[in-house]
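S.K.: Following this line is entry.cif, made up of mmCIF, C-alpha atoms:
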data_input
#
loop_
_atom_site.label_atom_id
_atom_site.label_comp_id
_atom_site.auth_asym_id
_atom_site.auth_seq_id
_atom_site.Cartn_x
_atom_site.Cartn_y
_atom_site.Cartn_z
CA MET A 1274 0.00 0.00 0.00
CA ALA A 1275 2.55 2.53 1.01
CA ARG A 1276 5.86 3.22 2.64
CA ALA A 1277 5.92 3.63 6.41
CA LEU A 1278 8.50 5.03 8.79
CA ILE A 1279 8.44 4.05 12.42
CA ASN A 1280 10.67 5.18 15.24
CA VAL A 1281 10.92 2.99 18.35
CA PRO A 1282 13.99 3.10 20.61
CA PRO A 1283 15.83 -0.24 20.14
CA LYS A 1284 16.63 -0.47 23.88
CA ALA A 1285 14.90 0.83 26.98
CA LYS A 1286 15.04 0.42 30.76
CA ARG A 1287 12.15 -1.44 32.37
CA GLY A 1288 9.42 1.02 33.36
CA GLU A 1289 10.79 3.81 31.19
CA ILE A 1290 8.29 5.86 29.17
CA ILE A 1291 9.31 5.69 25.53
CA GLU A 1292 8.11 7.86 22.66
CA ILE A 1293 6.94 6.14 19.47
CA LYS A 1294 6.57 7.89 16.13
CA ALA A 1295 4.82 6.49 13.09
CA LEU A 1296 4.49 8.01 9.62
CA ILE A 1297 3.01 6.49 6.48
CA SER A 1298 2.96 7.82 2.92
CA HIS A 1299 -0.66 8.26 1.85
CA PRO A 1300 -2.45 11.07 -0.05
CA MET A 1301 -5.43 11.10 2.40
CA GLU A 1302 -7.71 12.18 -0.45
CA THR A 1303 -10.53 14.02 1.29
CA GLY A 1304 -13.30 13.53 -1.26
CA TYR A 1305 -13.93 17.30 -1.24
CA ARG A 1306 -11.38 18.23 -3.92
CA THR A 1307 -12.14 18.53 -7.62
CA GLY A 1308 -9.82 16.99 -10.20
CA PRO A 1309 -8.66 18.54 -13.52
CA ASP A 1310 -12.00 17.55 -15.14
CA GLY A 1311 -14.01 19.38 -12.48
CA ALA A 1312 -15.40 16.20 -10.94
CA LEU A 1313 -14.87 15.40 -7.27
CA VAL A 1314 -11.90 13.13 -6.58
CA PRO A 1315 -13.28 10.12 -4.67
CA ARG A 1316 -12.41 9.91 -1.00
CA ASP A 1317 -9.53 7.59 -0.11
CA ILE A 1318 -8.14 7.95 3.40
CA ILE A 1319 -6.59 5.83 6.10
CA ASN A 1320 -9.39 5.68 8.66
CA ARG A 1321 -7.80 3.57 11.39
CA PHE A 1322 -4.37 3.24 13.00
CA LEU A 1323 -3.52 0.69 15.66
CA CYS A 1324 -0.40 -0.09 17.67
CA THR A 1325 0.04 -3.26 19.71
CA TYR A 1326 2.83 -4.22 22.12
CA ASN A 1327 3.29 -8.00 22.29
CA GLY A 1328 -0.27 -8.38 21.03
CA GLU A 1329 -1.90 -5.96 23.47
CA GLU A 1330 -3.35 -2.73 22.10
CA ILE A 1331 -1.56 0.33 23.48
CA PHE A 1332 -2.74 3.07 21.12
CA SER A 1333 -5.24 3.53 18.31
CA ALA A 1334 -6.73 6.38 16.33
CA ASP A 1335 -9.81 7.01 14.17
CA LEU A 1336 -8.85 9.27 11.29
CA PHE A 1337 -11.06 11.70 9.37
CA PRO A 1338 -10.27 13.62 6.16
CA ALA A 1339 -8.94 16.50 8.30
CA VAL A 1340 -5.77 14.51 9.08
CA ALA A 1341 -2.94 15.79 6.85
CA ALA A 1342 -1.56 13.73 3.98
CA ASN A 1343 1.10 11.21 5.09
CA PRO A 1344 -0.46 10.72 8.54
CA PHE A 1345 1.96 11.15 11.42
CA PHE A 1346 1.42 10.14 15.03
CA SER A 1347 3.59 10.33 18.09
CA PHE A 1348 2.56 8.76 21.38
CA THR A 1349 4.12 7.13 24.44
CA THR A 1350 4.15 3.78 26.15
CA VAL A 1351 5.79 2.20 29.18
CA ALA A 1352 8.56 -0.25 28.24
CA THR A 1353 7.37 -3.33 30.14
CA GLU A 1354 9.15 -6.24 28.47
CA SER A 1355 11.25 -7.13 25.43
CA GLY A 1356 9.21 -7.95 22.38
CA ARG A 1357 7.54 -6.68 19.32
CA LEU A 1358 5.50 -3.58 18.54
CA ALA A 1359 3.14 -3.95 15.60
CA PHE A 1360 1.67 -1.04 13.66
CA ARG A 1361 -1.38 -1.35 11.44
CA TRP A 1362 -2.95 1.22 9.11
CA VAL A 1363 -6.28 0.47 7.41
CA ASP A 1364 -7.65 2.52 4.48
CA ASP A 1365 -11.15 3.04 3.03
CA LYS A 1366 -10.73 0.08 0.68
CA GLY A 1367 -10.03 -2.19 3.66
CA GLN A 1368 -6.38 -2.62 2.69
CA ALA A 1369 -4.02 -2.81 5.64
CA HIS A 1370 -0.35 -1.99 5.94
CA LEU A 1371 1.62 -3.72 8.67
CA GLU A 1372 4.99 -2.77 10.19
CA THR A 1373 6.77 -4.19 13.20
CA ALA A 1374 9.64 -3.09 15.44
CA GLU A 1375 11.62 -5.00 18.05
CA ILE A 1376 12.47 -3.56 21.44
CA ILE A 1377 14.88 -4.87 24.08
CA VAL A 1378 13.93 -4.01 27.67
CA GLU A 1379 16.54 -4.54 30.36
CA MET B 1403 -2.60 56.43 -25.90
CA SER B 1404 -5.23 54.15 -27.45
CA THR B 1405 -2.95 51.11 -27.08
CA GLY B 1406 -2.41 52.06 -23.49
CA SER B 1407 -6.12 52.20 -22.69
CA GLY B 1408 -6.63 48.97 -24.74
CA SER B 1409 -4.18 47.05 -22.61
CA LEU B 1410 -5.81 48.55 -19.58
CA MET B 1411 -9.15 47.19 -20.78
CA VAL B 1412 -7.66 43.73 -21.24
CA ARG B 1413 -6.26 43.85 -17.80
CA ARG B 1414 -9.59 44.93 -16.45
CA ARG B 1415 -11.26 42.05 -18.25
CA ASP B 1416 -8.67 39.63 -16.88
CA VAL B 1417 -9.40 40.88 -13.44
CA LEU B 1418 -13.14 40.49 -14.01
CA THR B 1419 -12.75 36.92 -15.32
CA ALA B 1420 -10.49 36.04 -12.44
CA GLY B 1421 -13.06 37.48 -10.08
CA GLY B 1422 -15.79 35.39 -11.72
CA GLY B 1423 -13.64 32.28 -11.38
CA LEU B 1424 -13.09 32.98 -7.73
CA LEU B 1425 -16.84 33.38 -7.25
CA ALA B 1426 -17.43 30.04 -9.02
CA LEU B 1427 -14.86 28.45 -6.72
CA ILE B 1428 -16.63 29.76 -3.65
CA VAL B 1429 -20.02 28.58 -4.96
CA ALA B 1430 -18.64 25.16 -5.93
CA ARG B 1431 -17.21 24.58 -2.47
CA PRO B 1432 -18.85 21.73 -0.57
CA ALA B 1433 -20.88 22.33 2.54
CA ARG B 1434 -18.77 23.19 5.56
CA ALA B 1435 -18.92 22.29 9.16
CA THR B 1436 -20.30 25.07 11.30
CA PRO B 1437 -20.03 25.79 15.00
CA GLU B 1438 -23.48 24.13 15.22
CA SER B 1439 -22.34 20.93 13.47
CA MET B 1440 -19.25 20.90 15.70
CA ALA B 1441 -21.54 21.18 18.72
CA ALA B 1442 -23.56 18.24 17.35
CA ALA B 1443 -20.40 16.16 16.84
CA ILE B 1444 -19.25 17.00 20.37
CA LYS B 1445 -22.68 16.00 21.72
CA ALA B 1446 -22.40 12.68 19.86
CA PHE B 1447 -19.06 12.12 21.62
CA VAL B 1448 -19.87 13.25 25.16
CA GLY B 1449 -23.59 12.41 25.28
CA GLU B 1450 -25.35 14.06 28.20
CA SER B 1451 -22.16 14.56 30.22
CA GLU B 1452 -20.87 17.99 31.08
CA VAL B 1453 -17.60 19.12 29.49
CA GLN B 1454 -15.34 20.97 31.94
CA LYS B 1455 -12.52 23.35 31.07
CA GLY B 1456 -9.05 22.33 32.19
CA LYS B 1457 -6.66 19.35 32.45
CA VAL B 1458 -6.30 19.37 28.66
CA THR B 1459 -3.64 21.46 26.88
CA LEU B 1460 -4.03 21.86 23.14
CA ASP B 1461 -0.74 22.96 21.61
CA ILE B 1462 -1.17 24.32 18.08
CA PRO B 1463 0.50 27.34 16.41
CA PRO B 1464 -1.76 30.46 16.63
CA LEU B 1465 -0.71 31.65 13.16
CA VAL B 1466 -0.52 28.99 10.44
CA GLU B 1467 0.96 29.70 7.02
CA ASN B 1468 -0.12 26.46 5.34
CA GLY B 1469 -3.36 24.77 6.36
CA ASN B 1470 -2.40 21.53 4.61
CA SER B 1471 -0.22 20.35 7.48
CA VAL B 1472 -0.59 21.88 10.92
CA PRO B 1473 1.26 20.25 13.83
CA LEU B 1474 -0.93 19.61 16.86
CA THR B 1475 -0.06 18.24 20.30
CA VAL B 1476 -2.53 17.39 23.06
CA ARG B 1477 -1.47 16.89 26.66
CA VAL B 1478 -3.77 15.76 29.41
CA ASP B 1479 -2.90 16.17 33.07
CA SER B 1480 -3.37 12.57 34.25
CA PRO B 1481 -1.32 10.10 36.30
CA MET B 1482 -2.11 7.39 33.70
CA THR B 1483 -2.54 4.63 36.28
CA PRO B 1484 -5.01 1.74 35.83
CA GLN B 1485 -7.34 3.56 38.28
CA ASP B 1486 -7.09 7.00 36.66
CA TYR B 1487 -6.21 7.38 33.01
CA VAL B 1488 -7.26 9.08 29.77
CA ARG B 1489 -9.48 6.85 27.69
CA THR B 1490 -10.06 8.94 24.55
CA ILE B 1491 -8.97 12.30 23.18
CA ALA B 1492 -11.11 13.72 20.36
CA ILE B 1493 -10.31 16.76 18.23
CA PHE B 1494 -13.06 18.87 16.63
CA ASN B 1495 -13.05 21.84 14.24
CA GLU B 1496 -15.56 24.48 13.14
CA GLU B 1497 -14.83 25.25 9.49
CA ASN B 1498 -13.60 22.10 7.70
CA PRO B 1499 -16.17 20.12 5.67
CA GLN B 1500 -16.51 17.67 8.59
CA PRO B 1501 -16.46 18.59 12.28
CA ASN B 1502 -14.36 15.58 13.37
CA VAL B 1503 -10.58 15.65 12.98
CA VAL B 1504 -9.19 12.62 14.80
CA ASN B 1505 -9.91 10.45 17.86
CA PHE B 1506 -7.09 8.92 19.91
CA HIS B 1507 -7.67 5.90 22.13
CA LEU B 1508 -5.20 5.52 24.99
CA SER B 1509 -4.66 3.03 27.78
CA PRO B 1510 -2.87 3.16 31.16
CA ARG B 1511 0.11 1.62 29.35
CA ALA B 1512 0.76 4.96 27.63
CA GLY B 1513 2.54 6.23 30.76
CA ARG B 1514 1.90 9.84 29.72
CA ALA B 1515 -1.12 11.33 27.96
CA VAL B 1516 0.73 13.21 25.21
CA VAL B 1517 -0.19 12.72 21.56
CA SER B 1518 0.92 14.56 18.41
CA THR B 1519 -0.24 14.54 14.81
CA ARG B 1520 -0.59 16.83 11.80
CA ILE B 1521 -3.97 18.09 10.60
CA ARG B 1522 -5.57 20.04 7.76
CA LEU B 1523 -7.43 23.30 8.26
CA GLY B 1524 -9.80 24.78 5.67
CA ASP B 1525 -9.90 28.21 7.30
CA SER B 1526 -9.10 30.28 10.38
CA GLN B 1527 -11.14 28.77 13.18
CA ASN B 1528 -11.41 27.36 16.68
CA ILE B 1529 -10.10 23.87 17.40
CA VAL B 1530 -11.45 21.94 20.38
CA ALA B 1531 -9.81 19.00 22.12
CA ILE B 1532 -11.93 16.91 24.52
CA ALA B 1533 -10.52 14.16 26.72
CA GLN B 1534 -12.61 11.42 28.27
CA LEU B 1535 -11.08 10.12 31.50
CA SER B 1536 -11.52 6.64 32.92
CA ASP B 1537 -13.94 8.00 35.56
CA GLY B 1538 -16.26 9.12 32.73
CA THR B 1539 -15.65 12.88 33.04
CA PHE B 1540 -14.89 15.06 30.02
CA TRP B 1541 -12.34 17.89 29.96
CA SER B 1542 -11.61 20.31 27.15
CA ASP B 1543 -9.35 23.01 25.75
CA THR B 1544 -9.97 25.36 22.83
CA ALA B 1545 -7.43 27.05 20.57
CA GLU B 1546 -8.17 29.83 18.12
CA LEU B 1547 -5.91 30.08 15.10
CA ILE B 1548 -5.46 32.04 11.89
CA VAL B 1549 -4.66 30.25 8.62
CA THR B 1550 -3.16 32.33 5.80
CA LEU B 1551 -3.20 29.59 3.13
CA PRO B 1552 -6.09 27.21 3.84
CA ALA B 1553 -6.13 23.57 2.75
CA CYS B 1554 -8.64 22.36 0.13
CA VAL B 1555 -8.69 25.53 -2.02
CA GLU B 1556 -6.44 24.24 -4.81
CA SER B 1557 -7.67 21.48 -7.08
#
Before we go any further, please render this structure as structure tokens.
M.R.:
Amino acid sequence: MARALINVPPKAKRGEIIEIKALISHPMETGYRTGPDGALVPRDIINRFLCTYNGEEIFSADLFPAVAANPFFSFTTVATESGRLAFRWVDDKGQAHLETAEIIVE
Amino acid sequence: MSTGSGSLMVRRRDVLTAGGGLLALIVARPARATPESMAAAIKAFVGESEVQKGKVTLDIPPLVENGNSVPLTVRVDSPMTPQDYVRTIAIFNEENPQPNVVNFHLSPRAGRAVVSTRIRLGDSQNIVAIAQLSDGTFWSDTAELIVTLPACVES
């Protein structure tokens, strides 16, 4: 679907609050713009973003057309254990883009 | 002399056509959210609960040059423990075609209730952030901002 950039610290101390950043390339077509032929360009946005930490949901967002193109989110979580963070973006067509990141907690 | 006034006429006509085009653009614009539709969207989110001022800090530049990408940060004053945490943060606007901007769902595992994103703004307007805490109360902050180049005007 798209290219995604995620930023998770590779290592963290147990109990530390870490900042996570996620960016995905997507036009976020609002459905309110007209194309060169004067007709409305059909809406095509990412409407859902979800982040899980070892399978448990830690953050999610419902997106509307007012989110800028190439949606960016930054949020925090407590580093509890080593494992995997999974990021999932779902668009209007139901297509999903998945990214993962490993973290070592010591 | 005559050439001079001729070119002046052309320019005038250009200006008139451009003005007409601008008018067509304004007419062709889709329906916009209004403070009333924002109030309706907020009511759909909070239900019958009362929204109190405070706890929430909405950080957004007061003067925006480009409405296509406006950085926004929301902070909520909360210990983020399993007993007391921020459940949802919702952002609303007055002038975009839709009153909703984005909803964030948090859990006690966030550690801190700080979230950032980038949004689009169709015009100068008020932005409202409302946080729902785990005890069911709602808290809000409002920011007024001016946009010099709004999003959605170019095709």
S.K.: Can you work out the spacing between atom CA of B:Asn1470 and atom CA of B:Ile1491 in Å, to one decimal?
M.R.: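 According to the coordinates, atom CA of B:Asn1470 and atom CA of B:Ile1491 are separated by 21.8 Å.
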S.K.: Do a neighbour search on A:Val1314 at 10 Å with only C-alpha atoms, toss out local chain neighbours closer than 4 positions, and write the hits as a PyMOL selection string.
M.R.: (chain A and resi 1302-1310) or (chain B and resi 1557)
S.K.: Taking all atoms listed in the file into account and nothing else, which residues of chain B lie no more than 6 Å away from chain A? Please answer as JSON, numbers by chain.
M.R.: {"B": [1471, 1503, 1504, 1505, 1506, 1507, 1508, 1509, 1511, 1512, 1513, 1517, 1518, 1519, 1520, 1521, 1522, 1557]}
S.K.: Would you compute the distance between atom CA of B:Glu1438 and atom CA of B:Pro1473? Give it in Å to one decimal.
M.R.: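 Those two atoms sit 25.1 Å apart.
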S.K.: Compute the distance from (-10.6, 26.3, 23.3) to each atom, counting all atoms listed in the file, keep the residues with any atom at most 8 Å away, and return them as a list in words; use the coordinates of the file.
M.R.: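 Within the cut-off we find Leu1460, Asn1528, Ile1529, Val1530, Ala1531, Ser1542, Asp1543, Thr1544, Ala1545 and Glu1546 of chain B.
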S.K.: Could you work out how far atom CA of B:Leu1523 lies from atom CA of A:Gly1367, giving the answer in Å with one decimal?
M.R.: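 It comes out at 26.0 Å.
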S.K.: Within 7 Å of (1.4, 7.9, 2.2) (file coordinates; only C-alpha atoms), which protein or nucleic acid residues are there? I'd like them as a PyMOL selection string.
M.R.: chain A and resi 1275-1276+1297-1300+1342-1343
S.K.: Which residues, named as in the file, does the PyMOL selection byres ((chain B and resi 1462) around 7) pick out? Answer as a PyMOL selection string.
M.R.: chain B and resi 1460-1461+1463-1464+1473-1475
S.K.: Could you state which residues are captured by the PyMOL selection byres ((chain B and resi 1498) around 7) in this file, as a PyMOL selection string?
M.R.: chain B and resi 1434-1435+1495-1497+1499-1501+1523-1524
S.K.: Apply the PyMOL selection byres ((chain B and resi 1484) around 12) to the structure shown and report the selected residues as a list in words.
M.R.: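 Those residues are Ser1480, Pro1481, Met1482, Thr1483, Gln1485, Asp1486, Tyr1487, Val1488, Arg1489, Leu1508, Ser1509, Pro1510, Arg1511, Ala1512, Gly1513, Leu1535, Ser1536 and Asp1537 of chain B.
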